[in-house]
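J.: Structure supplied as upload.cif; contents: mmCIF, C-alpha atoms.
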data_data
loop_
_atom_site.label_atom_id
_atom_site.label_comp_id
_atom_site.auth_asym_id
_atom_site.auth_seq_id
_atom_site.Cartn_x
_atom_site.Cartn_y
_atom_site.Cartn_z
CA MET L 1 8.35 25.07 -3.81
CA THR L 2 9.29 27.13 -6.89
CA LEU L 3 12.98 26.97 -7.84
CA VAL L 4 12.96 29.05 -11.03
CA LYS L 5 10.18 31.01 -12.69
CA SER L 6 10.81 32.60 -16.04
CA ASP L 7 7.92 32.92 -18.49
CA PRO L 8 6.64 30.60 -19.77
CA TRP L 9 8.46 28.04 -17.56
CA GLU L 10 8.30 27.25 -13.87
CA VAL L 11 10.62 24.72 -12.24
CA TYR L 12 9.55 23.38 -8.83
CA THR L 13 10.51 20.83 -6.20
CA SER L 14 8.91 18.98 -3.31
CA GLY L 15 9.92 16.12 -1.08
CA ARG L 16 10.47 14.73 2.37
CA VAL L 17 13.10 13.20 4.64
CA ASN L 18 12.17 11.08 7.64
CA VAL L 19 13.51 8.69 10.26
CA PHE L 20 11.63 6.35 12.61
CA TRP L 21 12.47 4.12 15.54
CA GLY L 22 10.40 0.94 15.57
CA TYR L 23 9.95 -1.99 17.91
CA ALA L 24 8.14 -5.24 17.11
CA ILE L 25 7.19 -7.89 19.64
CA GLY L 26 4.94 -10.91 19.35
CA ASP L 27 4.65 -14.44 18.01
CA ALA L 28 7.05 -16.03 15.58
CA ARG L 29 5.54 -17.40 12.38
CA PRO L 30 4.01 -20.84 12.95
CA GLY L 31 5.88 -23.82 11.54
CA GLY L 32 4.67 -26.30 8.96
CA THR L 33 3.65 -25.78 5.33
CA LEU L 34 1.41 -22.73 5.75
CA LYS L 35 1.12 -20.68 2.56
CA GLY L 36 1.33 -16.89 2.36
CA GLY L 37 0.76 -14.12 4.86
CA GLY L 38 2.08 -13.53 8.33
CA VAL L 39 5.37 -12.06 9.48
CA ASP L 40 8.56 -13.79 8.36
CA SER L 41 10.58 -14.74 11.45
CA SER L 42 12.96 -17.29 9.94
CA LEU L 43 16.03 -15.44 11.25
CA ASP L 44 14.53 -13.72 14.28
CA ARG L 45 12.66 -16.55 16.02
CA ILE L 46 13.36 -16.94 19.73
CA PRO L 47 12.43 -20.54 20.66
CA ASP L 48 10.63 -21.39 23.89
CA ILE L 49 12.48 -23.38 26.54
CA ASP L 50 11.46 -26.98 27.08
CA PRO L 51 10.83 -27.19 30.84
CA ALA L 52 11.77 -30.88 30.87
CA THR L 53 15.25 -30.39 29.42
CA GLY L 54 15.98 -26.70 29.94
CA LEU L 55 16.95 -26.51 26.24
CA PRO L 56 15.35 -24.56 23.35
CA ASP L 57 12.23 -26.34 22.12
CA SER L 58 12.55 -26.76 18.35
CA ASN L 59 8.88 -27.72 18.10
CA SER L 60 7.53 -24.56 19.75
CA GLN L 61 6.28 -21.54 17.82
CA GLY L 62 8.49 -19.15 19.73
CA THR L 63 8.48 -15.37 19.78
CA ILE L 64 10.13 -12.38 18.09
CA LYS L 65 11.54 -9.12 19.37
CA LYS L 66 12.95 -6.63 16.91
CA MET L 67 14.16 -3.04 17.03
CA ARG L 68 14.79 -1.03 13.86
CA VAL L 69 15.69 2.47 12.67
CA ARG L 70 14.18 2.97 9.25
CA SER L 71 11.94 4.94 6.85
CA GLY L 72 8.21 5.55 7.08
CA PHE L 73 5.09 4.76 5.07
CA VAL L 74 6.42 7.25 2.51
CA PRO L 75 10.25 7.16 2.58
CA ASN L 76 12.71 9.86 1.58
CA VAL L 77 11.43 11.51 -1.59
CA LEU L 78 12.88 14.09 -3.97
CA THR L 79 10.53 15.43 -6.65
CA VAL L 80 11.50 17.86 -9.40
CA GLY L 81 9.17 19.11 -12.11
CA ALA L 82 8.69 21.74 -14.78
CA ARG L 83 5.48 23.25 -16.20
CA ARG L 84 4.42 25.89 -18.66
CA LYS L 85 1.26 27.42 -20.04
CA MET L 86 0.26 26.94 -23.67
CA GLY L 87 -2.88 28.97 -24.26
CA GLN L 88 -5.58 27.54 -22.01
CA SER L 89 -3.62 24.34 -21.41
CA THR L 90 -0.70 23.40 -19.13
CA LEU L 91 2.18 21.05 -19.90
CA LYS L 92 4.06 19.37 -17.05
CA ALA L 93 6.93 16.91 -16.60
CA GLN L 94 7.68 15.43 -13.18
CA LEU L 95 10.34 13.08 -11.81
CA SER L 96 10.44 11.54 -8.31
CA LEU L 97 13.17 9.53 -6.60
CA TRP L 98 12.26 7.46 -3.54
CA GLY L 99 14.87 5.96 -1.21
CA THR L 100 14.88 4.22 2.15
CA LEU L 101 17.29 4.66 5.03
CA GLU L 102 17.89 0.95 5.39
CA THR L 103 19.72 -1.45 3.07
CA VAL L 104 18.98 -5.01 1.92
CA GLY L 105 18.76 -7.50 4.79
CA GLN L 106 20.20 -4.96 7.28
CA ARG L 107 23.61 -5.35 5.60
CA LYS L 108 25.23 -1.98 6.25
CA PHE L 109 27.88 -2.47 3.56
CA ALA L 110 25.19 -2.70 0.85
CA ASN L 111 24.26 0.33 -1.22
CA VAL L 112 20.95 2.09 -0.78
CA LEU L 113 19.27 1.90 -4.19
CA ALA L 114 17.19 4.87 -5.27
CA ASP L 115 13.76 3.96 -6.60
CA PHE L 116 12.80 5.86 -9.77
CA ARG L 117 9.18 5.88 -8.60
CA GLU L 118 7.70 8.55 -10.91
CA GLY L 119 8.53 9.94 -14.31
CA TYR L 120 5.66 11.25 -16.41
CA LEU L 121 4.41 13.88 -18.83
CA GLU L 122 1.04 15.56 -18.35
CA ALA L 123 -1.10 17.88 -20.46
CA SER L 124 -4.26 19.43 -18.97
CA GLY L 125 -6.91 21.93 -19.99
CA ASN L 126 -10.67 22.41 -20.15
CA TRP L 127 -10.79 19.24 -22.25
CA GLY L 128 -9.39 17.07 -19.41
CA THR L 129 -5.96 15.66 -18.55
CA PHE L 130 -3.69 13.26 -20.39
CA THR L 131 -0.86 11.54 -18.47
CA GLY L 132 1.85 9.30 -19.89
CA GLY L 133 4.86 7.67 -18.22
CA ARG L 134 5.28 6.06 -14.80
CA PHE L 135 2.76 7.14 -12.18
CA GLY L 136 0.26 5.81 -9.65
CA SER L 137 -2.20 3.36 -11.22
CA LEU L 138 -5.97 3.57 -10.72
CA PHE L 139 -7.11 0.31 -9.15
CA SER L 140 -7.17 0.67 -5.33
CA ARG L 141 -5.91 4.27 -5.55
CA GLY L 142 -8.76 5.60 -3.40
CA ILE L 143 -8.11 3.52 -0.28
CA THR L 144 -4.33 3.95 -0.53
CA THR L 145 -4.85 7.71 -0.51
CA THR L 146 -7.14 7.38 2.53
CA ASP L 147 -4.43 5.49 4.43
CA PHE L 148 -2.00 8.31 3.61
CA LEU L 149 -4.37 11.14 4.57
CA TYR L 150 -6.02 9.73 7.70
CA GLY L 151 -3.63 7.01 8.83
CA HIS L 152 0.08 6.85 8.12
CA GLY L 153 1.12 9.76 5.88
CA TYR L 154 3.58 10.86 8.57
CA GLY L 155 3.96 7.48 10.29
CA VAL L 156 4.90 3.84 9.83
CA GLY L 157 2.29 1.22 10.75
CA PHE L 158 3.20 -2.33 9.64
CA TRP L 159 6.78 -3.17 8.69
CA GLY L 160 6.83 -6.96 8.58
CA GLY L 161 9.83 -9.00 9.67
CA ALA L 162 13.48 -9.29 8.76
CA GLY L 163 13.95 -12.90 7.65
CA THR L 164 14.02 -12.28 3.89
CA TYR L 165 13.37 -8.56 4.11
CA SER L 166 14.03 -6.26 1.16
CA PRO L 167 14.04 -2.52 1.83
CA GLY L 168 11.07 -0.46 0.80
CA PRO L 169 8.51 1.88 2.29
CA THR L 170 6.74 0.56 5.36
CA ALA L 171 3.15 -0.51 4.87
CA GLY L 172 0.80 1.51 7.07
CA LEU L 173 -2.40 -0.59 7.05
CA ILE L 174 -1.55 -2.23 3.70
CA GLY L 175 -2.20 -5.96 3.92
CA PHE L 176 -4.98 -5.44 6.46
CA GLY L 177 -7.97 -4.54 4.30
CA VAL L 178 -5.95 -2.05 2.26
CA LEU L 179 -4.75 -3.31 -1.11
CA ALA L 180 -2.27 -0.69 -2.29
CA ASN L 181 -2.20 0.58 -5.85
CA SER L 182 1.14 0.55 -7.64
CA PHE L 183 3.31 2.86 -9.71
CA SER L 184 3.27 1.57 -13.28
CA PRO L 185 4.14 2.63 -16.82
CA GLY L 186 0.94 3.67 -18.51
CA LEU L 187 -1.25 6.07 -20.47
CA MET L 188 -4.24 7.71 -18.79
CA TYR L 189 -7.01 10.17 -19.65
CA THR L 190 -9.08 11.97 -17.00
CA THR L 191 -12.23 13.86 -17.94
CA PRO L 192 -12.80 17.45 -16.79
CA ASN L 193 -14.91 18.00 -13.69
CA LEU L 194 -18.54 17.39 -14.71
CA GLY L 195 -20.65 18.53 -11.76
CA GLY L 196 -18.24 16.89 -9.33
CA VAL L 197 -17.85 13.70 -11.39
CA LYS L 198 -14.57 12.63 -12.97
CA LEU L 199 -13.70 9.47 -14.88
CA ALA L 200 -10.09 8.32 -15.27
CA VAL L 201 -9.32 5.49 -17.70
CA GLY L 202 -5.89 4.09 -18.35
CA VAL L 203 -3.96 1.29 -19.96
CA PHE L 204 -0.88 0.07 -18.10
CA ASP L 205 2.11 -2.15 -18.74
CA PRO L 206 1.02 -5.66 -17.71
CA VAL L 207 2.54 -7.50 -14.75
CA ASN L 208 3.25 -11.22 -14.56
CA LEU L 209 2.88 -13.40 -11.49
CA PRO L 210 6.18 -15.17 -10.72
CA GLY L 211 5.83 -18.83 -9.84
CA SER L 212 2.39 -19.27 -11.40
CA TRP L 213 1.29 -17.26 -14.45
CA GLU L 214 4.49 -15.73 -15.82
CA VAL L 215 3.43 -14.63 -19.33
CA THR L 216 1.42 -11.59 -20.43
CA ARG L 217 0.29 -10.73 -23.95
CA THR L 218 -1.92 -7.68 -23.62
CA ALA L 219 -1.82 -4.47 -21.61
CA ARG L 220 -3.87 -3.90 -18.44
CA PRO L 221 -6.90 -1.56 -18.51
CA GLU L 222 -7.91 0.20 -15.28
CA PHE L 223 -10.46 2.86 -14.35
CA GLU L 224 -11.57 5.05 -11.46
CA LEU L 225 -14.85 6.98 -11.24
CA THR L 226 -15.01 9.69 -8.55
CA TYR L 227 -17.51 12.19 -7.19
CA ASP L 228 -16.61 15.21 -5.05
CA LEU L 229 -18.92 17.49 -3.09
CA SER L 230 -18.11 20.37 -0.77
CA ALA L 231 -20.50 22.67 1.11
CA ALA L 232 -20.67 25.34 3.81
CA GLN L 233 -17.33 26.86 2.79
CA ASN L 234 -15.58 23.48 2.91
CA PHE L 235 -16.93 22.65 6.40
CA PHE L 236 -18.32 19.51 4.72
CA LYS L 237 -16.48 17.49 2.06
CA LEU L 238 -17.32 14.17 0.43
CA HIS L 239 -15.27 12.04 -1.96
CA LEU L 240 -16.73 8.83 -3.45
CA TYR L 241 -14.81 6.43 -5.68
CA VAL L 242 -15.08 3.10 -7.48
CA ASN L 243 -12.22 1.53 -9.43
CA GLY L 244 -11.21 -1.68 -11.15
CA ALA L 245 -8.59 -3.57 -13.18
CA TYR L 246 -8.50 -6.49 -15.62
CA GLN L 247 -5.62 -8.47 -17.07
CA LYS L 248 -5.05 -11.79 -18.83
CA VAL L 249 -2.09 -13.96 -17.81
CA TYR L 250 -0.79 -17.09 -19.51
CA SER L 251 1.16 -20.29 -19.00
CA GLY L 252 1.74 -21.95 -22.37
CA ARG L 253 -1.70 -22.35 -23.95
CA GLU L 254 -3.55 -21.96 -20.64
CA ASN L 255 -4.79 -18.59 -19.44
CA GLU L 256 -6.42 -17.00 -16.42
CA THR L 257 -7.88 -13.57 -15.69
CA VAL L 258 -6.69 -11.29 -12.92
CA ARG L 259 -9.55 -8.95 -12.03
CA GLY L 260 -10.65 -6.78 -9.18
CA VAL L 261 -13.01 -4.00 -8.16
CA GLY L 262 -12.83 -1.59 -5.26
CA GLY L 263 -14.75 1.32 -3.84
CA GLY L 264 -15.20 3.56 -0.86
CA PHE L 265 -15.51 7.11 0.42
CA ARG L 266 -13.83 9.88 2.39
CA THR L 267 -15.73 12.59 4.23
CA GLU L 268 -14.71 15.59 6.32
CA VAL L 269 -17.09 17.37 8.68
CA GLY L 270 -15.35 20.19 10.50
CA SER L 271 -12.43 18.64 12.40
CA PHE L 272 -13.60 15.04 11.94
CA ARG L 273 -12.55 12.84 9.01
CA LEU L 274 -13.81 9.37 8.14
CA GLY L 275 -12.87 7.07 5.28
CA ALA L 276 -13.65 3.47 4.39
CA GLY L 277 -13.27 1.14 1.44
CA GLY L 278 -13.07 -2.42 0.23
CA HIS L 279 -11.91 -4.63 -2.64
CA TYR L 280 -12.86 -7.98 -4.23
CA GLY L 281 -11.34 -10.07 -6.97
CA LYS L 282 -9.01 -12.86 -8.08
CA GLY L 283 -5.22 -12.87 -8.42
CA LEU L 284 -4.93 -9.70 -6.34
CA GLY L 285 -2.51 -10.71 -3.59
CA LEU L 286 -2.54 -9.48 0.00
CA TYR L 287 -0.55 -6.26 -0.14
CA TYR L 288 -0.32 -4.70 -3.62
CA ALA L 289 -2.87 -4.90 -6.39
CA LEU L 290 -1.98 -7.68 -8.83
CA GLU L 291 0.87 -8.75 -6.59
CA GLY L 292 0.45 -12.48 -7.08
CA SER L 293 1.47 -14.66 -4.13
CA GLU L 294 1.18 -18.17 -2.75
CA ALA L 295 -1.79 -16.87 -0.76
CA ASP L 296 -3.97 -16.49 -3.86
CA THR L 297 -2.75 -19.18 -6.27
CA PRO L 298 -1.69 -22.73 -5.34
CA GLY L 299 1.00 -22.85 -8.02
CA GLN L 300 1.85 -23.13 -11.69
CA GLY L 301 -1.21 -23.47 -13.89
CA LYS L 302 -3.67 -23.43 -10.99
CA PRO L 303 -6.74 -21.15 -10.77
CA PHE L 304 -6.78 -18.11 -8.51
CA ARG L 305 -8.31 -17.98 -5.09
CA THR L 306 -10.72 -15.13 -4.37
CA ALA L 307 -9.42 -12.31 -2.19
CA ASP L 308 -11.31 -9.47 -0.53
CA GLY L 309 -10.87 -6.93 2.23
CA TYR L 310 -12.24 -3.84 3.90
CA SER L 311 -10.90 -1.04 6.10
CA ILE L 312 -12.06 2.07 7.96
CA PHE L 313 -10.09 5.14 9.05
CA ALA L 314 -11.01 7.92 11.48
CA GLN L 315 -9.13 11.14 12.22
CA TYR L 316 -9.81 14.05 14.52
CA VAL L 317 -7.87 17.28 14.00
CA LEU L 318 -7.23 19.07 17.28
CA GLY L 319 -5.34 22.21 16.30
CA LYS L 320 -1.86 21.06 15.29
CA VAL L 321 -2.52 17.49 16.45
CA ASP L 322 -4.04 14.65 14.37
CA LEU L 323 -5.56 11.73 16.28
CA ASN L 324 -5.75 8.69 13.97
CA ALA L 325 -7.35 5.26 14.32
CA ALA L 326 -7.99 2.46 11.81
CA PHE L 327 -9.19 -1.11 11.44
CA GLY L 328 -8.95 -3.46 8.46
CA GLN L 329 -9.09 -7.09 7.41
CA SER L 330 -7.93 -8.96 4.28
CA ARG L 331 -9.26 -12.44 3.48
CA ILE L 332 -8.34 -15.32 1.17
CA HIS L 333 -11.09 -17.81 0.23
CA LEU L 334 -10.41 -21.49 -0.44
CA LEU L 335 -10.81 -23.32 -3.73
CA ASP L 336 -12.52 -26.69 -3.99
CA MET L 337 -9.10 -28.30 -4.47
CA ASP L 338 -8.00 -26.87 -1.12
CA LEU L 339 -10.66 -29.01 0.59
CA LEU L 340 -9.09 -32.28 -0.58
CA PRO L 341 -7.58 -34.26 2.34
CA GLU L 342 -4.09 -34.26 0.81
CA ASN L 343 -4.06 -30.44 0.80
CA ALA L 344 -5.26 -29.95 4.37
CA GLU L 345 -1.78 -29.20 5.74
CA SER L 346 -0.88 -26.52 3.18
CA HIS L 347 -3.82 -24.17 3.46
CA PRO L 348 -3.16 -20.48 2.80
CA ILE L 349 -3.67 -17.57 5.14
CA LYS L 350 -7.33 -17.06 6.05
CA THR L 351 -7.37 -13.52 7.44
CA GLN L 352 -4.99 -10.69 8.21
CA THR L 353 -6.53 -8.21 10.65
CA GLY L 354 -4.95 -4.94 11.71
CA ILE L 355 -5.78 -2.33 14.35
CA SER L 356 -3.80 0.91 14.39
CA ALA L 357 -3.70 4.20 16.25
CA GLY L 358 -1.43 7.21 16.06
CA VAL L 359 -0.79 10.80 17.10
CA VAL L 360 0.83 13.32 14.74
CA TYR L 361 1.97 16.75 15.93
CA HIS L 362 2.51 19.25 13.11
CA VAL L 363 5.07 21.67 14.57
CA ASN L 364 4.62 23.79 11.46
CA GLU L 365 3.81 23.18 7.77
CA SER L 366 7.15 21.39 7.31
CA LEU L 367 7.97 19.53 10.55
CA HIS L 368 5.84 16.57 11.70
CA LEU L 369 6.29 14.35 14.78
CA ASP L 370 4.60 10.93 14.96
CA VAL L 371 3.94 8.12 17.43
CA ASP L 372 1.91 5.17 16.13
CA TYR L 373 0.96 1.60 17.02
CA LEU L 374 -0.26 -1.34 14.95
CA ARG L 375 -1.33 -4.83 16.00
CA GLY L 376 -1.28 -7.40 13.21
CA MET L 377 -3.31 -10.59 13.72
CA PHE L 378 -2.80 -13.46 11.28
CA ARG L 379 -4.98 -16.60 11.05
CA TRP L 380 -4.53 -19.65 8.80
CA TYR L 381 -7.21 -22.12 7.73
CA ALA L 382 -5.25 -24.94 9.37
CA GLY L 383 -5.78 -23.24 12.75
CA ALA L 384 -2.37 -21.64 13.23
CA LYS L 385 -2.15 -18.01 14.34
CA GLN L 386 0.37 -15.21 14.85
CA ASP L 387 0.00 -11.84 16.60
CA VAL L 388 2.64 -9.08 16.35
CA ASN L 389 2.67 -5.58 17.86
CA TYR L 390 4.50 -2.63 16.30
CA ILE L 391 5.39 0.59 18.13
CA ASN L 392 6.91 3.42 16.06
CA ALA L 393 8.05 7.00 16.67
CA GLY L 394 9.79 9.47 14.40
CA VAL L 395 10.01 12.76 12.57
CA THR L 396 9.33 13.90 8.98
CA LEU L 397 10.48 17.09 7.28
CA THR L 398 8.57 18.10 4.14
CA TRP L 399 8.95 20.90 1.61
#
Can you give me the file's structure in the form of structure tokens?
T.:
Amino acid sequence: MTLVKSDPWEVYTSGRVNVFWGYAIGDARPGGTLKGGGVDSSLDRIPDIDPATGLPDSNSQGTIKKMRVRSGFVPNVLTVGARRKMGQSTLKAQLSLWGTLETVGQRKFANVLADFREGYLEASGNWGTFTGGRFGSLFSRGITTTDFLYGHGYGVGFWGGAGTYSPGPTAGLIGFGVLANSFSPGLMYTTPNLGGVKLAVGVFDPVNLPGSWEVTRTARPEFELTYDLSAAQNFFKLHLYVNGAYQKVYSGRENETVRGVGGGFRTEVGSFRLGAGGHYGKGLGLYYALEGSEADTPGQGKPFRTADGYSIFAQYVLGKVDLNAAFGQSRIHLLDMDLLPENAESHPIKTQTGISAGVVYHVNESLHLDVDYLRGMFRWYAGAKQDVNYINAGVTLTW
């Protein structure tokens, strides 16, 4: 939406406001020393009743039931930007604030903190595009975009638990075969379109991994190679992508390498859309690329476990209605040290599997109504399991 246009400048805005009702029901997190993954139920666990005593059974797994009113996969967003022409090139500056409805730990007296999610400069022309500032990084960008387009762009999906919950956007299918990219400070160059092929290369501010490898000494390179094809007046579209990241992390004189690759596709044939992708690497985490968690490293100075995942999304557009369905699974693979008898009781999560479905009704180009469902299934190597169902409904207004 253009706010002001006066040659050579144009000032514009975009954004969204949304609200969703959500209900979660299922198993509490299993007890013991399980590492990583699952839904935190430390505050919400409802214990089973011991039939012999009629009292709560402290040894049972128990259940959870939770109702929330909160933000969606993309929360409230306000974007403001300015651009101008300079010969055959365009200069742009854009800022975006993201903010959730809910506060920390459901404490209503706490302030809602705005998230300065984007702030970057961009110059583009027939020579390509240069971007500098804070913006979406490249590794795992393709599958995150697919989740937004064909899955949860106007919905919720997974929203975890409330035991140690910090506010933030809900997760869609992230954590279930989708490893989300992140917004990071960086510098990036994207080539011009060369017969449908584009290459983006960037260097980003490094991230450390709290609790294990907490020192960085060099920046993080990332890349994404894409190919786009459209035919029959856009009746058929195809988008292919492959991306990757690499970063060294340190603990004293020891070092390890965080690395990952990902790839996938999106295609549209008439009213049908299909997208799929996967990732593989070490030190990646379960939810966000280069997250670092107890699921992928046993602790300080220990090597990384291998993580991988895959997901598939399908959408059918029926007039103003989108019918969405998705499946995905993330996996953590054991190290040799995990197989030692003394470590048998502290195995990490093995798989996180998600199945989702949703219906979005676009009343017009600005108003969007959503109902969606996600079942999260969590399995640990030690044999424990947890299943949680999420039902969500809400409305999003965009401009």
J.: Do you know which residues are at most 6 Å from Phe130 of chain L counting all atoms listed in the file, after dropping those on the same chain fewer than 5 positions away, and could you put them as a ChimeraX atom specification?
T.: /L:122-123,188-189
J.: Could you state which residues are captured by the PyMOL selection byres ((chain L and resi 156) around 8) in this file, as an mmCIF file with C-alpha atoms, in the coordinates of the input?
T.:
data_model
loop_
_atom_site.group_PDB
_atom_site.id
_atom_site.type_symbol
_atom_site.label_atom_id
_atom_site.label_comp_id
_atom_site.auth_asym_id
_atom_site.auth_seq_id
_atom_site.Cartn_x
_atom_site.Cartn_y
_atom_site.Cartn_z
ATOM 1 C CA PHE L 20 11.630 6.350 12.610
ATOM 2 C CA SER L 71 11.940 4.940 6.850
ATOM 3 C CA GLY L 72 8.210 5.550 7.080
ATOM 4 C CA PHE L 73 5.090 4.760 5.070
ATOM 5 C CA HIS L 152 0.080 6.850 8.120
ATOM 6 C CA TYR L 154 3.580 10.860 8.570
ATOM 7 C CA GLY L 155 3.960 7.480 10.290
ATOM 8 C CA GLY L 157 2.290 1.220 10.750
ATOM 9 C CA PHE L 158 3.200 -2.330 9.640
ATOM 10 C CA TRP L 159 6.780 -3.170 8.690
ATOM 11 C CA THR L 170 6.740 0.560 5.360
ATOM 12 C CA ALA L 171 3.150 -0.510 4.870
ATOM 13 C CA GLY L 172 0.800 1.510 7.070
ATOM 14 C CA ASP L 372 1.910 5.170 16.130
ATOM 15 C CA ASN L 392 6.910 3.420 16.060
#
J.: I'd like to know which of L:Gly175, L:Pro221, L:Pro210, L:Gly133 is closest to His279 of chain L, using all atoms listed in the file.
T.: L:Gly175
J.: I'd like the residues picked by the PyMOL selection byres ((chain L and resi 398) around 10) written out as a list in words, using the chain letters and numbers from the file.
T.: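 Expected selection for the PyMOL selection byres ((chain L and resi 398) around 10) here is Ser14, Gly15, Arg16, Val17, Asn18, Asn76, Val77, Tyr154, Glu365, Ser366, Leu367, His368, Thr396, Leu397 and Trp399 of chain L.
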J.: So that I have them on file, write out the residues from the current selection with C-alpha atoms, as a tab-separated table (two decimals), in the frame of the given file.
T.:
chain	number	residue	atom	x	y	z
L	14	SER	CA	8.91	18.98	-3.31
L	15	GLY	CA	9.92	16.12	-1.08
L	16	ARG	CA	10.47	14.73	2.37
L	17	VAL	CA	13.10	13.20	4.64
L	18	ASN	CA	12.17	11.08	7.64
L	76	ASN	CA	12.71	9.86	1.58
L	77	VAL	CA	11.43	11.51	-1.59
L	154	TYR	CA	3.58	10.86	8.57
L	365	GLU	CA	3.81	23.18	7.77
L	366	SER	CA	7.15	21.39	7.31
L	367	LEU	CA	7.97	19.53	10.55
L	368	HIS	CA	5.84	16.57	11.70
L	396	THR	CA	9.33	13.90	8.98
L	397	LEU	CA	10.48	17.09	7.28
L	399	TRP	CA	8.95	20.90	1.61
J.: Record the distance separating atom CA of Ala384 of chain L and atom CA of Pro51 of chain L, expressed in Å with one decimal.
T.: 22.7 Å
J.: Give the answer as one residue: which of L:Val178, L:Leu369, L:Leu194, L:Val74 has the shortest atom-to-atom distance to Gly262 of chain L, using all atoms listed in the file?
T.: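 Residue with the minimum atom-to-atom distance to Gly262 of chain L: L:Val178.
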J.: Give me the residues near Ser230 of chain L as a list in words, where near means some atom within 10 Å (using only C-alpha atoms) and where sequence neighbours in that chain fewer than 2 positions away do not count.
T.: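 In the requested format, the answer is Gly196, Asp228, Ala232, Gln233, Asn234, Phe235, Phe236, Lys237, Leu238, His239, Thr267, Glu268 and Val269 of chain L.
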J.: Go ahead and compute the interatomic distance for atom CA of Gly292 of chain L and atom CA of Met337 of chain L, in Å to one decimal.
T.: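 One can read the atom CA of Gly292 of chain L to atom CA of Met337 of chain L distance as 18.7 Å.
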J.: On this file, the PyMOL selection byres ((chain L and resi 307) around 12) gives some set of residues; write that set as JSON, numbers by chain.
T.: {"L": [175, 176, 177, 178, 179, 258, 259, 260, 261, 262, 278, 279, 280, 281, 282, 283, 284, 285, 286, 287, 288, 289, 290, 291, 292, 293, 295, 296, 297, 304, 305, 306, 308, 309, 310, 329, 330, 331, 332, 333, 334, 335, 348, 349, 350, 351, 352]}
J.: When you draw a straight line from atom CA of Val19 of chain L to atom CA of Leu113 of chain L, how long is it in Å?
T.: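 For atom CA of Val19 of chain L relative to atom CA of Leu113 of chain L, the distance reads 17.0 Å.
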J.: So that I can see what lies close to Gly195 of chain L, please list as a ChimeraX atom specification the residues with an atom at most 12 Å from it, counting all atoms listed in the file and leaving out residues fewer than 4 positions away in the same chain.
T.: /L:191,199,226-230
J.: Go ahead and dump the residues you just picked, C-alpha atoms, as a PDB file, in the coordinates of the input.
T.:
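File written: again_26.pdb
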ATOM      1  CA  THR L 191     -12.230  13.860 -17.940  1.00  0.00           C
ATOM      2  CA  LEU L 199     -13.700   9.470 -14.880  1.00  0.00           C
ATOM      3  CA  THR L 226     -15.010   9.690  -8.550  1.00  0.00           C
ATOM      4  CA  TYR L 227     -17.510  12.190  -7.190  1.00  0.00           C
ATOM      5  CA  ASP L 228     -16.610  15.210  -5.050  1.00  0.00           C
ATOM      6  CA  LEU L 229     -18.920  17.490  -3.090  1.00  0.00           C
ATOM      7  CA  SER L 230     -18.110  20.370  -0.770  1.00  0.00           C
TER       8      SER L 230
END
J.: May I have the residues within 6 Å of segment 24-26 of chain L as a compact mmCIF listing (two decimals) with C-alpha atoms, in the frame of the given file, using all atoms listed in the file and disregarding those fewer than 2 positions away in the same chain?
T.:
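out-v3.txt, freshly written:
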# COMPACT_ATOMS: atom_id res chain seq x y z
CA THR L 63 8.48 -15.37 19.78
CA ILE L 64 10.13 -12.38 18.09
CA LYS L 65 11.54 -9.12 19.37
CA LYS L 66 12.95 -6.63 16.91
CA ASP L 387 0.00 -11.84 16.60
CA VAL L 388 2.64 -9.08 16.35
CA ASN L 389 2.67 -5.58 17.86
CA TYR L 390 4.50 -2.63 16.30
J.: So that I can see what lies close to Pro47 of chain L, please list as an MDAnalysis selection string the residues with an atom at most 8 Å from it, counting all atoms listed in the file and leaving out residues fewer than 4 positions away in the same chain.
T.: chainID L and resid 56:58 60:63
J.: Dig up all the protein and nucleic acid residues within 12 Å of (-1.8, 22.0, 19.1) in the file frame, using all atoms listed in the file, and format them as a PDB file with C-alpha atoms, in the coordinates of the input.
T.:
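Output (result.pdb):
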ATOM      1  CA  VAL L 317      -7.870  17.280  14.000  1.00  0.00           C
ATOM      2  CA  LEU L 318      -7.230  19.070  17.280  1.00  0.00           C
ATOM      3  CA  GLY L 319      -5.340  22.210  16.300  1.00  0.00           C
ATOM      4  CA  LYS L 320      -1.860  21.060  15.290  1.00  0.00           C
ATOM      5  CA  VAL L 321      -2.520  17.490  16.450  1.00  0.00           C
ATOM      6  CA  ASP L 322      -4.040  14.650  14.370  1.00  0.00           C
ATOM      7  CA  LEU L 323      -5.560  11.730  16.280  1.00  0.00           C
ATOM      8  CA  VAL L 359      -0.790  10.800  17.100  1.00  0.00           C
ATOM      9  CA  VAL L 360       0.830  13.320  14.740  1.00  0.00           C
ATOM     10  CA  TYR L 361       1.970  16.750  15.930  1.00  0.00           C
ATOM     11  CA  HIS L 362       2.510  19.250  13.110  1.00  0.00           C
ATOM     12  CA  VAL L 363       5.070  21.670  14.570  1.00  0.00           C
ATOM     13  CA  ASN L 364       4.620  23.790  11.460  1.00  0.00           C
ATOM     14  CA  HIS L 368       5.840  16.570  11.700  1.00  0.00           C
ATOM     15  CA  LEU L 369       6.290  14.350  14.780  1.00  0.00           C
TER      16      LEU L 369
END
J.: Point out the residue among L:Ser6, L:Thr190, L:Asn243, L:Ser137 with the least atom-to-atom distance to Arg220 of chain L, counting all atoms listed in the file.
T.: L:Ser137
J.: Once you count only C-alpha atoms, which residues end up no further than 9 Å from (-5.0, 2.5, 1.9) in the file's frame, shown as a PyMOL selection string?
T.: chain L and resi 140-148+151+172-174+177-181+277+311
J.: Tell me which of L:Lys5, L:Arg29, L:Lys385, L:Arg134 sits closest to Asp44 of chain L, counting only C-alpha atoms.
T.: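 Going through L:Lys5, L:Arg29, L:Lys385, L:Arg134 one by one, the smallest distance to Asp44 of chain L is for L:Arg29.
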